[in-house]
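Colleague: Data file coords-v5.pdb (PDB, N, CA, C and O atoms) is appended below.
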MODEL        1
ATOM      1  N   MET A 243      56.129 -13.871  31.297
ATOM      2  CA  MET A 243      57.374 -13.697  30.593
ATOM      3  C   MET A 243      58.325 -14.854  30.829
ATOM      4  O   MET A 243      59.123 -15.157  29.970
ATOM      5  N   TYR A 244      58.266 -15.400  32.033
ATOM      6  CA  TYR A 244      59.226 -16.442  32.385
ATOM      7  C   TYR A 244      58.472 -17.718  32.749
ATOM      8  O   TYR A 244      57.276 -17.721  32.916
ATOM      9  N   GLY A 245      59.206 -18.761  32.900
ATOM     10  CA  GLY A 245      58.613 -20.010  33.358
ATOM     11  C   GLY A 245      58.361 -20.981  32.233
ATOM     12  O   GLY A 245      58.497 -20.654  31.054
ATOM     13  N   PRO A 246      57.975 -22.185  32.591
ATOM     14  CA  PRO A 246      57.833 -23.243  31.604
ATOM     15  C   PRO A 246      56.706 -23.009  30.598
ATOM     16  O   PRO A 246      56.753 -23.526  29.494
ATOM     17  N   ASP A 247      55.704 -22.229  30.946
ATOM     18  CA  ASP A 247      54.582 -21.996  30.030
ATOM     19  C   ASP A 247      54.631 -20.630  29.360
ATOM     20  O   ASP A 247      53.676 -20.226  28.704
ATOM     21  N   ALA A 248      55.718 -19.912  29.523
ATOM     22  CA  ALA A 248      55.806 -18.546  29.004
ATOM     23  C   ALA A 248      55.617 -18.480  27.488
ATOM     24  O   ALA A 248      54.880 -17.620  26.999
ATOM     25  N   ALA A 249      56.249 -19.357  26.756
ATOM     26  CA  ALA A 249      56.125 -19.315  25.291
ATOM     27  C   ALA A 249      54.683 -19.567  24.853
ATOM     28  O   ALA A 249      54.172 -18.895  23.950
ATOM     29  N   HIS A 250      54.037 -20.515  25.512
ATOM     30  CA  HIS A 250      52.639 -20.809  25.193
ATOM     31  C   HIS A 250      51.753 -19.598  25.493
ATOM     32  O   HIS A 250      50.916 -19.219  24.678
ATOM     33  N   HIS A 251      51.932 -18.992  26.663
ATOM     34  CA  HIS A 251      51.126 -17.826  27.036
ATOM     35  C   HIS A 251      51.372 -16.656  26.091
ATOM     36  O   HIS A 251      50.433 -15.964  25.694
ATOM     37  N   THR A 252      52.617 -16.438  25.728
ATOM     38  CA  THR A 252      52.939 -15.354  24.798
ATOM     39  C   THR A 252      52.255 -15.579  23.454
ATOM     40  O   THR A 252      51.674 -14.652  22.884
ATOM     41  N   ALA A 253      52.315 -16.794  22.955
ATOM     42  CA  ALA A 253      51.677 -17.099  21.663
ATOM     43  C   ALA A 253      50.168 -16.906  21.733
ATOM     44  O   ALA A 253      49.568 -16.320  20.821
ATOM     45  N   GLU A 254      49.545 -17.379  22.808
ATOM     46  CA  GLU A 254      48.093 -17.231  22.961
ATOM     47  C   GLU A 254      47.686 -15.763  23.062
ATOM     48  O   GLU A 254      46.732 -15.328  22.415
ATOM     49  N   LEU A 255      48.390 -15.008  23.879
ATOM     50  CA  LEU A 255      48.061 -13.593  24.036
ATOM     51  C   LEU A 255      48.319 -12.809  22.757
ATOM     52  O   LEU A 255      47.552 -11.906  22.413
ATOM     53  N   THR A 256      49.386 -13.150  22.052
ATOM     54  CA  THR A 256      49.664 -12.479  20.783
ATOM     55  C   THR A 256      48.542 -12.736  19.791
ATOM     56  O   THR A 256      48.056 -11.811  19.127
ATOM     57  N   ARG A 257      48.098 -13.982  19.690
ATOM     58  CA  ARG A 257      46.978 -14.295  18.788
ATOM     59  C   ARG A 257      45.718 -13.547  19.194
ATOM     60  O   ARG A 257      44.999 -13.008  18.353
ATOM     61  N   LEU A 258      45.445 -13.483  20.493
ATOM     62  CA  LEU A 258      44.258 -12.798  20.985
ATOM     63  C   LEU A 258      44.303 -11.310  20.643
ATOM     64  O   LEU A 258      43.341 -10.749  20.117
ATOM     65  N   PHE A 259      45.436 -10.671  20.929
ATOM     66  CA  PHE A 259      45.543  -9.247  20.658
ATOM     67  C   PHE A 259      45.641  -8.944  19.168
ATOM     68  O   PHE A 259      45.312  -7.837  18.737
ATOM     69  N   ALA A 260      46.070  -9.879  18.391
ATOM     70  CA  ALA A 260      46.073  -9.692  16.941
ATOM     71  C   ALA A 260      44.665  -9.847  16.386
ATOM     72  O   ALA A 260      44.240  -9.084  15.522
ATOM     73  N   ARG A 261      43.922 -10.799  16.920
ATOM     74  CA  ARG A 261      42.582 -11.086  16.399
ATOM     75  C   ARG A 261      41.552 -10.067  16.873
ATOM     76  O   ARG A 261      40.827  -9.501  16.066
ATOM     77  N   GLU A 262      41.461  -9.838  18.171
ATOM     78  CA  GLU A 262      40.391  -9.001  18.723
ATOM     79  C   GLU A 262      40.488  -7.535  18.285
ATOM     80  O   GLU A 262      39.588  -7.037  17.653
ATOM     81  N   PRO A 263      41.558  -6.820  18.642
ATOM     82  CA  PRO A 263      41.634  -5.425  18.220
ATOM     83  C   PRO A 263      42.181  -5.254  16.800
ATOM     84  O   PRO A 263      42.191  -4.159  16.269
ATOM     85  N   GLY A 264      42.676  -6.330  16.208
ATOM     86  CA  GLY A 264      43.128  -6.271  14.824
ATOM     87  C   GLY A 264      44.554  -5.784  14.634
ATOM     88  O   GLY A 264      44.888  -5.231  13.597
ATOM     89  N   HIS A 265      45.419  -5.991  15.616
ATOM     90  CA  HIS A 265      46.824  -5.613  15.468
ATOM     91  C   HIS A 265      47.586  -6.718  14.743
ATOM     92  O   HIS A 265      47.302  -7.893  14.916
ATOM     93  N   ALA A 266      48.573  -6.331  13.979
ATOM     94  CA  ALA A 266      49.415  -7.313  13.290
ATOM     95  C   ALA A 266      50.352  -7.966  14.300
ATOM     96  O   ALA A 266      50.919  -7.290  15.164
ATOM     97  N   GLU A 267      50.515  -9.285  14.216
ATOM     98  CA  GLU A 267      51.402 -10.001  15.141
ATOM     99  C   GLU A 267      52.834  -9.480  15.047
ATOM    100  O   GLU A 267      53.542  -9.423  16.045
ATOM    101  N   GLU A 268      53.257  -9.068  13.866
ATOM    102  CA  GLU A 268      54.607  -8.542  13.693
ATOM    103  C   GLU A 268      54.791  -7.244  14.478
ATOM    104  O   GLU A 268      55.855  -6.979  15.031
ATOM    105  N   VAL A 269      53.758  -6.418  14.527
ATOM    106  CA  VAL A 269      53.823  -5.162  15.277
ATOM    107  C   VAL A 269      53.892  -5.458  16.777
ATOM    108  O   VAL A 269      54.667  -4.829  17.506
ATOM    109  N   LEU A 270      53.112  -6.420  17.239
ATOM    110  CA  LEU A 270      53.157  -6.795  18.653
ATOM    111  C   LEU A 270      54.539  -7.322  19.027
ATOM    112  O   LEU A 270      55.052  -7.015  20.107
ATOM    113  N   ALA A 271      55.161  -8.085  18.152
ATOM    114  CA  ALA A 271      56.514  -8.588  18.406
ATOM    115  C   ALA A 271      57.511  -7.430  18.464
ATOM    116  O   ALA A 271      58.419  -7.422  19.306
ATOM    117  N   LEU A 272      57.327  -6.445  17.611
ATOM    118  CA  LEU A 272      58.201  -5.267  17.626
ATOM    119  C   LEU A 272      58.043  -4.507  18.942
ATOM    120  O   LEU A 272      59.029  -4.053  19.526
ATOM    121  N   TYR A 273      56.822  -4.372  19.444
ATOM    122  CA  TYR A 273      56.586  -3.712  20.722
ATOM    123  C   TYR A 273      57.271  -4.465  21.862
ATOM    124  O   TYR A 273      57.832  -3.857  22.772
ATOM    125  N   ARG A 274      57.221  -5.794  21.837
ATOM    126  CA  ARG A 274      57.905  -6.579  22.872
ATOM    127  C   ARG A 274      59.410  -6.323  22.832
ATOM    128  O   ARG A 274      60.066  -6.212  23.871
ATOM    129  N   LYS A 275      59.967  -6.223  21.628
ATOM    130  CA  LYS A 275      61.402  -5.956  21.503
ATOM    131  C   LYS A 275      61.743  -4.561  22.020
ATOM    132  O   LYS A 275      62.754  -4.373  22.696
ATOM    133  N   ALA A 276      60.903  -3.589  21.724
ATOM    134  CA  ALA A 276      61.126  -2.232  22.239
ATOM    135  C   ALA A 276      61.064  -2.238  23.765
ATOM    136  O   ALA A 276      61.880  -1.595  24.441
ATOM    137  N   TYR A 277      60.103  -2.951  24.322
ATOM    138  CA  TYR A 277      59.974  -3.071  25.774
ATOM    139  C   TYR A 277      61.243  -3.683  26.368
ATOM    140  O   TYR A 277      61.750  -3.222  27.392
ATOM    141  N   ALA A 278      61.766  -4.700  25.715
ATOM    142  CA  ALA A 278      62.989  -5.348  26.191
ATOM    143  C   ALA A 278      64.163  -4.372  26.183
ATOM    144  O   ALA A 278      64.951  -4.328  27.129
ATOM    145  N   LEU A 279      64.278  -3.583  25.130
ATOM    146  CA  LEU A 279      65.372  -2.617  25.045
ATOM    147  C   LEU A 279      65.273  -1.537  26.111
ATOM    148  O   LEU A 279      66.273  -1.070  26.642
ATOM    149  N   ILE A 280      64.071  -1.143  26.436
ATOM    150  CA  ILE A 280      63.856  -0.062  27.397
ATOM    151  C   ILE A 280      63.997  -0.541  28.844
ATOM    152  O   ILE A 280      64.436   0.216  29.707
ATOM    153  N   THR A 281      63.632  -1.788  29.116
ATOM    154  CA  THR A 281      63.528  -2.235  30.506
ATOM    155  C   THR A 281      64.549  -3.295  30.930
ATOM    156  O   THR A 281      64.461  -3.798  32.053
ATOM    157  N   TYR A 282      65.508  -3.615  30.095
ATOM    158  CA  TYR A 282      66.397  -4.737  30.411
ATOM    159  C   TYR A 282      67.128  -4.580  31.743
ATOM    160  O   TYR A 282      67.473  -5.554  32.381
ATOM    161  N   ASP A 283      67.338  -3.343  32.200
ATOM    162  CA  ASP A 283      68.098  -3.143  33.437
ATOM    163  C   ASP A 283      67.262  -2.532  34.575
ATOM    164  O   ASP A 283      67.804  -2.031  35.543
ATOM    165  N   LEU A 284      65.955  -2.613  34.474
ATOM    166  CA  LEU A 284      65.104  -1.971  35.470
ATOM    167  C   LEU A 284      64.567  -2.905  36.547
ATOM    168  O   LEU A 284      63.888  -2.447  37.452
ATOM    169  N   PHE A 285      64.853  -4.172  36.473
ATOM    170  CA  PHE A 285      64.296  -5.112  37.430
ATOM    171  C   PHE A 285      65.386  -5.620  38.365
ATOM    172  O   PHE A 285      66.483  -5.090  38.385
ATOM    173  N   GLY A 286      65.101  -6.646  39.120
ATOM    174  CA  GLY A 286      66.010  -7.160  40.139
ATOM    175  C   GLY A 286      67.408  -7.433  39.643
ATOM    176  O   GLY A 286      67.634  -7.747  38.473
ATOM    177  N   THR A 287      68.345  -7.323  40.552
ATOM    178  CA  THR A 287      69.744  -7.558  40.193
ATOM    179  C   THR A 287      70.221  -8.946  40.587
ATOM    180  O   THR A 287      71.336  -9.321  40.259
ATOM    181  N   GLY A 288      69.406  -9.697  41.292
ATOM    182  CA  GLY A 288      69.791 -11.028  41.730
ATOM    183  C   GLY A 288      69.738 -12.049  40.610
ATOM    184  O   GLY A 288      69.147 -11.818  39.559
ATOM    185  N   PRO A 289      70.360 -13.185  40.827
ATOM    186  CA  PRO A 289      70.408 -14.223  39.792
ATOM    187  C   PRO A 289      69.053 -14.885  39.518
ATOM    188  O   PRO A 289      68.893 -15.573  38.524
ATOM    189  N   HIS A 290      68.076 -14.667  40.396
ATOM    190  CA  HIS A 290      66.781 -15.317  40.222
ATOM    191  C   HIS A 290      65.805 -14.473  39.427
ATOM    192  O   HIS A 290      64.743 -14.956  39.055
ATOM    193  N   ASP A 291      66.136 -13.216  39.196
ATOM    194  CA  ASP A 291      65.277 -12.379  38.372
ATOM    195  C   ASP A 291      65.565 -12.720  36.916
ATOM    196  O   ASP A 291      66.695 -12.641  36.469
ATOM    197  N   GLY A 292      64.542 -13.105  36.187
ATOM    198  CA  GLY A 292      64.740 -13.567  34.816
ATOM    199  C   GLY A 292      64.532 -12.511  33.756
ATOM    200  O   GLY A 292      64.583 -12.807  32.562
ATOM    201  N   HIS A 293      64.314 -11.262  34.163
ATOM    202  CA  HIS A 293      63.958 -10.255  33.162
ATOM    203  C   HIS A 293      65.087  -9.991  32.164
ATOM    204  O   HIS A 293      64.852  -9.941  30.960
ATOM    205  N   PHE A 294      66.299  -9.810  32.645
ATOM    206  CA  PHE A 294      67.406  -9.554  31.723
ATOM    207  C   PHE A 294      67.578 -10.706  30.745
ATOM    208  O   PHE A 294      67.742 -10.492  29.539
ATOM    209  N   ARG A 295      67.519 -11.940  31.255
ATOM    210  CA  ARG A 295      67.653 -13.105  30.367
ATOM    211  C   ARG A 295      66.514 -13.150  29.355
ATOM    212  O   ARG A 295      66.712 -13.513  28.197
ATOM    213  N   TRP A 296      65.289 -12.791  29.802
ATOM    214  CA  TRP A 296      64.144 -12.755  28.884
ATOM    215  C   TRP A 296      64.409 -11.730  27.773
ATOM    216  O   TRP A 296      64.177 -12.008  26.603
ATOM    217  N   CYS A 297      64.884 -10.556  28.154
ATOM    218  CA  CYS A 297      65.171  -9.514  27.173
ATOM    219  C   CYS A 297      66.227  -9.977  26.161
ATOM    220  O   CYS A 297      66.062  -9.802  24.947
ATOM    221  N   ALA A 298      67.312 -10.554  26.680
ATOM    222  CA  ALA A 298      68.384 -11.011  25.790
ATOM    223  C   ALA A 298      67.883 -12.085  24.831
ATOM    224  O   ALA A 298      68.202 -12.048  23.633
ATOM    225  N   ALA A 299      67.118 -13.021  25.335
ATOM    226  CA  ALA A 299      66.593 -14.093  24.479
ATOM    227  C   ALA A 299      65.649 -13.527  23.425
ATOM    228  O   ALA A 299      65.658 -13.971  22.266
ATOM    229  N   LEU A 300      64.848 -12.568  23.802
ATOM    230  CA  LEU A 300      63.897 -11.974  22.860
ATOM    231  C   LEU A 300      64.608 -11.239  21.739
ATOM    232  O   LEU A 300      64.183 -11.262  20.586
ATOM    233  N   LEU A 301      65.720 -10.607  22.067
ATOM    234  CA  LEU A 301      66.440  -9.798  21.082
ATOM    235  C   LEU A 301      67.417 -10.622  20.236
ATOM    236  O   LEU A 301      67.960 -10.103  19.253
ATOM    237  N   ARG A 302      67.615 -11.884  20.589
ATOM    238  CA  ARG A 302      68.509 -12.734  19.783
ATOM    239  C   ARG A 302      67.907 -13.049  18.447
ATOM    240  O   ARG A 302      66.808 -13.205  18.194
TER     241      ARG A 302
ENDMDL
END
Would you mind giving the structure from this file in structure tokens?
Modeller:
Amino acid sequence: MYGPDAAHHTAELTRLFAREPGHAEEVLALYRKAYALITYDLFGTGPHDGHFRWCAALLR
């Protein structure tokens, strides 16, 4: 989710899960957004935890 290669990994995994089981990439993106809405406040509270920032960026 975080780090310098996160976008690349997300794109690769999205393509894999779209191709292999046959899910639409748009549906997978919607699931990621739902996950962000549900979990934005469930992880660390320190400034080094990137989950909230990941959620906000995803929902922008």
Colleague: Where does the PyMOL selection byres (((chain A and resi 245 and name CA) around 12) and name CA) land in this file, that is, which residues does it pick, as a PyMOL selection string?
Modeller: chain A and resi 243-244+246-252+290-293+295-296
Colleague: Can you work out the spacing between CA of Thr256 (chain A) and CA of Asp283 (chain A) in Å, to one decimal?
Modeller: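 Distance between the two atoms: 24.2 Å.
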Colleague: Please compute the CA of Thr281 (chain A)-CA of Phe294 (chain A) distance, one decimal, in Å.
Modeller: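 Between CA of Thr281 (chain A) and CA of Phe294 (chain A) the gap works out to 8.4 Å.
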Colleague: For CA of Tyr282 (chain A) and atom O of Cys297 (chain A), determine how far apart the two atoms are, in Å to one decimal place.
Modeller: 7.5 Å
Colleague: DSSP on the backbone: what in region 244-299 of chain A comes out alpha helix (DSSP H), as a ChimeraX atom specification?
Modeller: /A:248-261,267-281,293-299
Colleague: Write out the residues from the selection above, keeping N, CA, C and O atoms, as a tab-separated table (two decimals), in the frame of the given file.
Modeller:
chain	number	residue	atom	x	y	z
A	248	ALA	N	55.72	-19.91	29.52
A	248	ALA	CA	55.81	-18.55	29.00
A	248	ALA	C	55.62	-18.48	27.49
A	248	ALA	O	54.88	-17.62	27.00
A	249	ALA	N	56.25	-19.36	26.76
A	249	ALA	CA	56.12	-19.32	25.29
A	249	ALA	C	54.68	-19.57	24.85
A	249	ALA	O	54.17	-18.90	23.95
A	250	HIS	N	54.04	-20.52	25.51
A	250	HIS	CA	52.64	-20.81	25.19
A	250	HIS	C	51.75	-19.60	25.49
A	250	HIS	O	50.92	-19.22	24.68
A	251	HIS	N	51.93	-18.99	26.66
A	251	HIS	CA	51.13	-17.83	27.04
A	251	HIS	C	51.37	-16.66	26.09
A	251	HIS	O	50.43	-15.96	25.69
A	252	THR	N	52.62	-16.44	25.73
A	252	THR	CA	52.94	-15.35	24.80
A	252	THR	C	52.26	-15.58	23.45
A	252	THR	O	51.67	-14.65	22.88
A	253	ALA	N	52.32	-16.79	22.96
A	253	ALA	CA	51.68	-17.10	21.66
A	253	ALA	C	50.17	-16.91	21.73
A	253	ALA	O	49.57	-16.32	20.82
A	254	GLU	N	49.54	-17.38	22.81
A	254	GLU	CA	48.09	-17.23	22.96
A	254	GLU	C	47.69	-15.76	23.06
A	254	GLU	O	46.73	-15.33	22.42
A	255	LEU	N	48.39	-15.01	23.88
A	255	LEU	CA	48.06	-13.59	24.04
A	255	LEU	C	48.32	-12.81	22.76
A	255	LEU	O	47.55	-11.91	22.41
A	256	THR	N	49.39	-13.15	22.05
A	256	THR	CA	49.66	-12.48	20.78
A	256	THR	C	48.54	-12.74	19.79
A	256	THR	O	48.06	-11.81	19.13
A	257	ARG	N	48.10	-13.98	19.69
A	257	ARG	CA	46.98	-14.30	18.79
A	257	ARG	C	45.72	-13.55	19.19
A	257	ARG	O	45.00	-13.01	18.35
A	258	LEU	N	45.44	-13.48	20.49
A	258	LEU	CA	44.26	-12.80	20.98
A	258	LEU	C	44.30	-11.31	20.64
A	258	LEU	O	43.34	-10.75	20.12
A	259	PHE	N	45.44	-10.67	20.93
A	259	PHE	CA	45.54	-9.25	20.66
A	259	PHE	C	45.64	-8.94	19.17
A	259	PHE	O	45.31	-7.84	18.74
A	260	ALA	N	46.07	-9.88	18.39
A	260	ALA	CA	46.07	-9.69	16.94
A	260	ALA	C	44.66	-9.85	16.39
A	260	ALA	O	44.24	-9.08	15.52
A	261	ARG	N	43.92	-10.80	16.92
A	261	ARG	CA	42.58	-11.09	16.40
A	261	ARG	C	41.55	-10.07	16.87
A	261	ARG	O	40.83	-9.50	16.07
A	267	GLU	N	50.52	-9.28	14.22
A	267	GLU	CA	51.40	-10.00	15.14
A	267	GLU	C	52.83	-9.48	15.05
A	267	GLU	O	53.54	-9.42	16.05
A	268	GLU	N	53.26	-9.07	13.87
A	268	GLU	CA	54.61	-8.54	13.69
A	268	GLU	C	54.79	-7.24	14.48
A	268	GLU	O	55.86	-6.98	15.03
A	269	VAL	N	53.76	-6.42	14.53
A	269	VAL	CA	53.82	-5.16	15.28
A	269	VAL	C	53.89	-5.46	16.78
A	269	VAL	O	54.67	-4.83	17.51
A	270	LEU	N	53.11	-6.42	17.24
A	270	LEU	CA	53.16	-6.80	18.65
A	270	LEU	C	54.54	-7.32	19.03
A	270	LEU	O	55.05	-7.02	20.11
A	271	ALA	N	55.16	-8.09	18.15
A	271	ALA	CA	56.51	-8.59	18.41
A	271	ALA	C	57.51	-7.43	18.46
A	271	ALA	O	58.42	-7.42	19.31
A	272	LEU	N	57.33	-6.44	17.61
A	272	LEU	CA	58.20	-5.27	17.63
A	272	LEU	C	58.04	-4.51	18.94
A	272	LEU	O	59.03	-4.05	19.53
A	273	TYR	N	56.82	-4.37	19.44
A	273	TYR	CA	56.59	-3.71	20.72
A	273	TYR	C	57.27	-4.46	21.86
A	273	TYR	O	57.83	-3.86	22.77
A	274	ARG	N	57.22	-5.79	21.84
A	274	ARG	CA	57.90	-6.58	22.87
A	274	ARG	C	59.41	-6.32	22.83
A	274	ARG	O	60.07	-6.21	23.87
A	275	LYS	N	59.97	-6.22	21.63
A	275	LYS	CA	61.40	-5.96	21.50
A	275	LYS	C	61.74	-4.56	22.02
A	275	LYS	O	62.75	-4.37	22.70
A	276	ALA	N	60.90	-3.59	21.72
A	276	ALA	CA	61.13	-2.23	22.24
A	276	ALA	C	61.06	-2.24	23.76
A	276	ALA	O	61.88	-1.60	24.44
A	277	TYR	N	60.10	-2.95	24.32
A	277	TYR	CA	59.97	-3.07	25.77
A	277	TYR	C	61.24	-3.68	26.37
A	277	TYR	O	61.75	-3.22	27.39
A	278	ALA	N	61.77	-4.70	25.72
A	278	ALA	CA	62.99	-5.35	26.19
A	278	ALA	C	64.16	-4.37	26.18
A	278	ALA	O	64.95	-4.33	27.13
A	279	LEU	N	64.28	-3.58	25.13
A	279	LEU	CA	65.37	-2.62	25.04
A	279	LEU	C	65.27	-1.54	26.11
A	279	LEU	O	66.27	-1.07	26.64
A	280	ILE	N	64.07	-1.14	26.44
A	280	ILE	CA	63.86	-0.06	27.40
A	280	ILE	C	64.00	-0.54	28.84
A	280	ILE	O	64.44	0.22	29.71
A	281	THR	N	63.63	-1.79	29.12
A	281	THR	CA	63.53	-2.24	30.51
A	281	THR	C	64.55	-3.30	30.93
A	281	THR	O	64.46	-3.80	32.05
A	293	HIS	N	64.31	-11.26	34.16
A	293	HIS	CA	63.96	-10.26	33.16
A	293	HIS	C	65.09	-9.99	32.16
A	293	HIS	O	64.85	-9.94	30.96
A	294	PHE	N	66.30	-9.81	32.65
A	294	PHE	CA	67.41	-9.55	31.72
A	294	PHE	C	67.58	-10.71	30.74
A	294	PHE	O	67.74	-10.49	29.54
A	295	ARG	N	67.52	-11.94	31.26
A	295	ARG	CA	67.65	-13.10	30.37
A	295	ARG	C	66.51	-13.15	29.36
A	295	ARG	O	66.71	-13.51	28.20
A	296	TRP	N	65.29	-12.79	29.80
A	296	TRP	CA	64.14	-12.76	28.88
A	296	TRP	C	64.41	-11.73	27.77
A	296	TRP	O	64.18	-12.01	26.60
A	297	CYS	N	64.88	-10.56	28.15
A	297	CYS	CA	65.17	-9.51	27.17
A	297	CYS	C	66.23	-9.98	26.16
A	297	CYS	O	66.06	-9.80	24.95
A	298	ALA	N	67.31	-10.55	26.68
A	298	ALA	CA	68.38	-11.01	25.79
A	298	ALA	C	67.88	-12.08	24.83
A	298	ALA	O	68.20	-12.05	23.63
A	299	ALA	N	67.12	-13.02	25.34
A	299	ALA	CA	66.59	-14.09	24.48
A	299	ALA	C	65.65	-13.53	23.42
A	299	ALA	O	65.66	-13.97	22.27
Colleague: For region 279-284 of chain A, what centre and edge lengths in Å (one decimal) does the axis-aligned box get once 3 Å is added on each side of all its listed atoms, as AutoDock Vina command-line options?
Modeller:
--center_x 65.8 --center_y -2.7 --center_z 31.2 --size_x 10.6 --size_y 11.8 --size_z 18.4
Colleague: So which one's closest to Lys275 (chain A), A:Arg302, A:Glu262, A:Glu254, A:Pro289? Using only C-alpha atoms, please.
Modeller: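 Closest residue, counting only C-alpha atoms: A:Arg302.
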